Amino acid sequence: MNLGIVGATGLVGKTFLSLLEKEKTFPINELRLFSRSLSPCFVLGRNLSTQSLSPLAFEGLDICFFSAGEEVSRKWAPVAVEKGVIVIDNSSAFRLDSDKLLIVPEVNAHLLSRKAQIISNPNCSTIQLVVALQALEKSFGLQSVQVISLQSISGAGRQALESLKQESLDILQEKTSYKTEKISHAFNCIPSIGSLTKGSFCKEEMKIMSESKKILNRPDLKISAFTVRVPCLNSHSEVVRFSVKKTASLQELEDSLMKYVRVLSPYPHARQADQEKEVFVGRIHKDPCEKNSWWMWIVSDNLLKGASWNGLQIAQELAKIINK
Ligand SMILES: NC(=O)c1ccc[n+]([C@@H]2O[C@H](COP(=O)([O-])OP(=O)(O)OC[C@H]3O[C@@H](n4cnc5c(N)ncnc54)[C@H](OP(=O)(O)O)[C@@H]3O)[C@@H](O)[C@H]2O)c1
């Protein structure tokens with residue numbers, strides 16, 4: 001396969017490149033890297049340099065992985081498709097378009113086909129959530145879901161990660177005051193991610209709710225989300241309360257979840273999930289307030305399963321279809 005990576009110097013792009021190094025199974029012929037600033041990269045034993053985007057630059061590629069934000073995807077993904085390239089897009093640009101696929105391979109890889117043009121990778125907090133939810137949906141039927149996410153700073157990109165590190169150092173060295181009125185991520189919890197509508201949900205919450213319904217193919221699912229940015233460097237955590245249609249025991253819930261996630265006792269935590277490809281679940285326990293209602297805790301590396309690993313899994317599925 002001739003593979004392109006747009007945003008190769010960003011957090012997701014770099015994680016994708018290190019995955020390619022580790023997962024030597026993906027059949028790569030040519031690798032073409034793109035970014036805004038041109039930088040040298042040593043990857044898969046090759047000395048490469050990133051290049052700028054242009055219509056000609058897509059010629060001859062089979063698959064191109066986009067992770068350079070919504071604006072770049074809106075402008076350039078259709079250009080790549082024109083050149084016969086299959087696009088796997090990490091941005092939110094096309095996720096909810098009714099004619100575009102939104103894929104988490106453990107849930108809906110069966111929708112992939114040779115005809116696919118732009119395939120969206122879901123939002124990072126949605127991916128880890130639906131991997132666990134679909135196990136429950138299959139075995140017991142989901143009635144309702146409420147999720148509170150505790151999202152790491154790497155989810156906001158390279159610049160946000162660097163600012164958090166610098167600001168944390170400044171506070172620890174007493175160069176900056178801990179008390180502040182400004183919205184600062186260091187040693188803080190910010191109860192909104194993305195634009196916020198007064199008296200309603202923020203953008204990240206809307207993404208979790210609508211993307212989950214689409215991926216699980218449950219437009220009627222009662223799902224509500226509240227998202228919080230926390231000062232973890234990497235891996236998103238989620239507190240999930242769910243109700244199922246069929247009565248189940250704790251053992252039955254764990255057995256069903258274990259087919260798709262790693263259930264750890266008493267619980268997994270964010271730094272433990274760092275650099276792991278799996279989704280981890282723990283603290284499953286009954287909610288005494290309502291019949292068939294439960295709590296659980298989900299953790300996963302947002303740069304891996306939440307972005308690059310999910311994208312590479314999609315590319316692997318496509319490679320199987322194309323090479324059949
Ligand atoms: N971070 C996550 O956990 C995560 C998870 C799921 C989805 N996503 C999505 O993935 C995308 C990338 O996220 P990220 O965290 O990797 O961001 P990032 O660290 O800020 O990296 C952005 C990348 O995009 C490149 N870029 C920006 N404008 C460009 C342009 N006009 N032409 C070519 N390249 C351009 C940058 O190149 P330069 O180095 O030259 O500036 C850089 O390589 C976003 O859409 C984000 O929403 C992120």
# chains A, B, ... in the order shown; residues from 1 in each chain; ligands from 1
call {"tool": "residues_near_ligand", "arguments": {"ligand": "ligand 1", "cutoff": "7 Å", "atoms": "only C-alpha atoms and all ligand atoms", "output": "NGL selection string"}}
result
:A and (6-13 or 34-38 or 52-53 or 67-70 or 72 or 90-92 or 123-124 or 154-159 or 302-303 or 306-307)
call {"tool": "closest_atom_pairs", "arguments": {"of": "stretch 269-318 of chain A", "to": "stretch 93-107 of chain A", "cutoff": "7 Å", "atoms": "only C-alpha atoms", "output": "CSV"}}
result
residue,atom,partner,partner_atom,distance
A:Asn310,CA,A:Val104,CA,6.6
A:Gln313,CA,A:Pro105,CA,6.7
A:Ile314,CA,A:Pro105,CA,6.3
call {"tool": "residues_around", "arguments": {"residues": "A:Asn29", "least_positions_apart": "2", "cutoff": "10 Å", "atoms": "only C-alpha atoms", "output": "PyMOL selection string"}}
result
chain A and resi 1-3+26-27+31+61
call {"tool": "write_last_selection", "arguments": {"atoms": "N, CA and C atoms", "output": "compact mmCIF listing (two decimals), in the first residue's frame"}}
result
# COMPACT_ATOMS: atom_id res chain seq x y z
N MET A 1 0.84 -1.19 0.00
CA MET A 1 0.00 0.00 0.00
C MET A 1 0.88 1.24 0.00
N ASN A 2 0.45 2.27 -0.76
CA ASN A 2 1.10 3.57 -0.68
C ASN A 2 0.29 4.42 0.30
N LEU A 3 0.96 4.81 1.39
CA LEU A 3 0.24 5.43 2.50
C LEU A 3 0.67 6.88 2.70
N PHE A 26 1.71 -4.06 8.68
CA PHE A 26 0.97 -3.32 7.67
C PHE A 26 1.82 -3.20 6.40
N PRO A 27 1.27 -3.63 5.26
CA PRO A 27 2.08 -3.68 4.03
C PRO A 27 2.33 -2.30 3.43
N LEU A 31 5.64 5.69 1.69
CA LEU A 31 5.08 6.46 2.81
C LEU A 31 5.33 7.94 2.52
N LEU A 61 -1.31 7.52 -4.13
CA LEU A 61 -1.53 6.98 -2.79
C LEU A 61 -2.76 6.06 -2.79
call {"tool": "select_by_dssp", "arguments": {"residues": "stretch 105-310 of chain A", "states": "helix (DSSP H, G or I)", "output": "JSON, numbers by chain"}}
result
{"A": [105, 106, 107, 108, 109, 110, 111, 124, 125, 126, 127, 128, 129, 130, 131, 132, 133, 134, 135, 136, 137, 138, 139, 140, 153, 154, 155, 156, 158, 159, 160, 161, 162, 163, 164, 165, 166, 167, 168, 169, 170, 171, 172, 203, 204, 205, 206, 207, 208, 209, 210, 211, 212, 213, 214, 215, 250, 251, 252, 253, 254, 255, 256, 257, 270, 271, 272, 273, 304, 305, 306, 307, 308, 309, 310]}
call {"tool": "residues_around", "arguments": {"residues": "stretch 285-293 of chain A", "least_positions_apart": "5", "cutoff": "12 Å", "atoms": "only C-alpha atoms", "output": "PyMOL selection string"}}
result
chain A and resi 136+140-146+239-251+253-254+265-267
call {"tool": "closest_residue", "arguments": {"among": "A:Leu48, A:Ile88, A:Met296, A:Ala225", "to": "A:Met206", "atoms": "only C-alpha atoms"}}
result
A:Ala225
call {"tool": "closest_residue", "arguments": {"among": "A:Leu164, A:Glu181, A:Leu129, A:Lys320", "to": "A:Ser300", "atoms": "only C-alpha atoms"}}
result
A:Leu129
call {"tool": "closest_residue", "arguments": {"among": "A:Ala270, A:Val130, A:Ala315, A:Leu304", "to": "A:Phe16", "atoms": "only C-alpha atoms"}}
result
A:Leu304
call {"tool": "residues_around", "arguments": {"residues": "A:Cys232", "least_positions_apart": "4", "cutoff": "12 Å", "atoms": "only C-alpha atoms", "output": "VMD selection string"}}
result
chain A and resid 150 to 156 160 to 161 164 to 165 168 185 to 189 228 236 to 237 269 to 274 301 to 302
call {"tool": "write_last_selection", "arguments": {"atoms": "N, CA and C atoms", "output": "JSON list (two decimals), in the first residue's frame"}}
result
[["chain", "number", "residue", "atom", "x", "y", "z"],
["A", 150, "LEU", "N", -13.19, 12.52, 31.84],
["A", 150, "LEU", "CA", -12.08, 13.25, 32.46],
["A", 150, "LEU", "C", -10.95, 13.15, 31.45],
["A", 151, "GLN", "N", -10.82, 14.18, 30.62],
["A", 151, "GLN", "CA", -9.98, 14.05, 29.42],
["A", 151, "GLN", "C", -8.61, 14.71, 29.58],
["A", 152, "SER", "N", -7.59, 13.98, 29.13],
["A", 152, "SER", "CA", -6.21, 14.44, 29.28],
["A", 152, "SER", "C", -5.92, 15.58, 28.30],
["A", 153, "ILE", "N", -4.83, 16.25, 28.56],
["A", 153, "ILE", "CA", -4.48, 17.44, 27.77],
["A", 153, "ILE", "C", -3.95, 17.06, 26.37],
["A", 154, "SER", "N", -3.39, 15.86, 26.20],
["A", 154, "SER", "CA", -2.89, 15.50, 24.86],
["A", 154, "SER", "C", -4.04, 15.47, 23.84],
["A", 155, "GLY", "N", -5.26, 15.32, 24.35],
["A", 155, "GLY", "CA", -6.43, 15.34, 23.46],
["A", 155, "GLY", "C", -6.61, 16.68, 22.79],
["A", 156, "ALA", "N", -5.98, 17.72, 23.33],
["A", 156, "ALA", "CA", -6.11, 19.07, 22.75],
["A", 156, "ALA", "C", -4.95, 19.41, 21.83],
["A", 160, "ALA", "N", -1.21, 22.57, 23.29],
["A", 160, "ALA", "CA", -1.86, 22.56, 24.61],
["A", 160, "ALA", "C", -1.03, 21.74, 25.59],
["A", 161, "LEU", "N", -0.46, 20.64, 25.13],
["A", 161, "LEU", "CA", 0.38, 19.79, 26.00],
["A", 161, "LEU", "C", 1.61, 20.56, 26.46],
["A", 164, "LEU", "N", 0.65, 23.24, 29.02],
["A", 164, "LEU", "CA", 0.35, 22.68, 30.35],
["A", 164, "LEU", "C", 1.65, 22.39, 31.11],
["A", 165, "LYS", "N", 2.62, 21.81, 30.40],
["A", 165, "LYS", "CA", 3.90, 21.47, 31.05],
["A", 165, "LYS", "C", 4.57, 22.75, 31.58],
["A", 168, "SER", "N", 2.65, 24.34, 34.49],
["A", 168, "SER", "CA", 2.79, 23.54, 35.72],
["A", 168, "SER", "C", 4.13, 23.84, 36.37],
["A", 185, "HIS", "N", -5.23, 25.23, 32.30],
["A", 185, "HIS", "CA", -5.34, 23.77, 32.45],
["A", 185, "HIS", "C", -4.46, 23.21, 33.57],
["A", 186, "ALA", "N", -3.38, 23.93, 33.93],
["A", 186, "ALA", "CA", -2.44, 23.36, 34.91],
["A", 186, "ALA", "C", -3.09, 23.23, 36.28],
["A", 187, "PHE", "N", -3.01, 22.06, 36.88],
["A", 187, "PHE", "CA", -3.56, 21.77, 38.22],
["A", 187, "PHE", "C", -5.03, 22.20, 38.31],
["A", 188, "ASN", "N", -5.76, 22.04, 37.25],
["A", 188, "ASN", "CA", -7.13, 22.54, 37.22],
["A", 188, "ASN", "C", -8.07, 21.54, 36.54],
["A", 189, "CYS", "N", -9.37, 21.69, 36.77],
["A", 189, "CYS", "CA", -10.38, 20.90, 36.06],
["A", 189, "CYS", "C", -11.30, 21.88, 35.36],
["A", 228, "VAL", "N", -15.02, 16.96, 30.97],
["A", 228, "VAL", "CA", -14.13, 17.77, 31.82],
["A", 228, "VAL", "C", -12.69, 17.58, 31.35],
["A", 236, "HIS", "N", -7.60, 9.19, 28.42],
["A", 236, "HIS", "CA", -8.89, 9.72, 28.90],
["A", 236, "HIS", "C", -9.54, 8.71, 29.85],
["A", 237, "SER", "N", -10.20, 9.22, 30.88],
["A", 237, "SER", "CA", -10.96, 8.38, 31.81],
["A", 237, "SER", "C", -12.43, 8.76, 31.70],
["A", 269, "HIS", "N", -6.06, 2.85, 35.69],
["A", 269, "HIS", "CA", -5.98, 4.32, 35.79],
["A", 269, "HIS", "C", -5.22, 4.89, 34.60],
["A", 270, "ALA", "N", -5.32, 6.21, 34.44],
["A", 270, "ALA", "CA", -4.87, 6.86, 33.20],
["A", 270, "ALA", "C", -3.41, 6.56, 32.85],
["A", 271, "ARG", "N", -2.51, 6.65, 33.82],
["A", 271, "ARG", "CA", -1.09, 6.46, 33.49],
["A", 271, "ARG", "C", -0.78, 5.01, 33.19],
["A", 272, "GLN", "N", -1.61, 4.10, 33.70],
["A", 272, "GLN", "CA", -1.44, 2.68, 33.39],
["A", 272, "GLN", "C", -1.83, 2.40, 31.93],
["A", 273, "ALA", "N", -2.82, 3.15, 31.42],
["A", 273, "ALA", "CA", -3.29, 2.93, 30.05],
["A", 273, "ALA", "C", -2.39, 3.60, 29.01],
["A", 274, "ASP", "N", -1.48, 4.48, 29.47],
["A", 274, "ASP", "CA", -0.59, 5.21, 28.55],
["A", 274, "ASP", "C", 0.20, 4.23, 27.67],
["A", 301, "ASP", "N", -5.86, 5.08, 26.12],
["A", 301, "ASP", "CA", -4.91, 6.06, 25.57],
["A", 301, "ASP", "C", -5.57, 6.76, 24.38],
["A", 302, "ASN", "N", -5.86, 8.06, 24.54],
["A", 302, "ASN", "CA", -6.59, 8.80, 23.50],
["A", 302, "ASN", "C", -5.80, 8.94, 22.21]]
call {"tool": "select_by_dssp", "arguments": {"residues": "stretch 179-231 of chain A", "states": "strand (DSSP E)", "output": "list in words"}}
result
Lys222, Ile223, Ser224, Ala225, Phe226, Thr227, Val228 and Arg229 of chain A
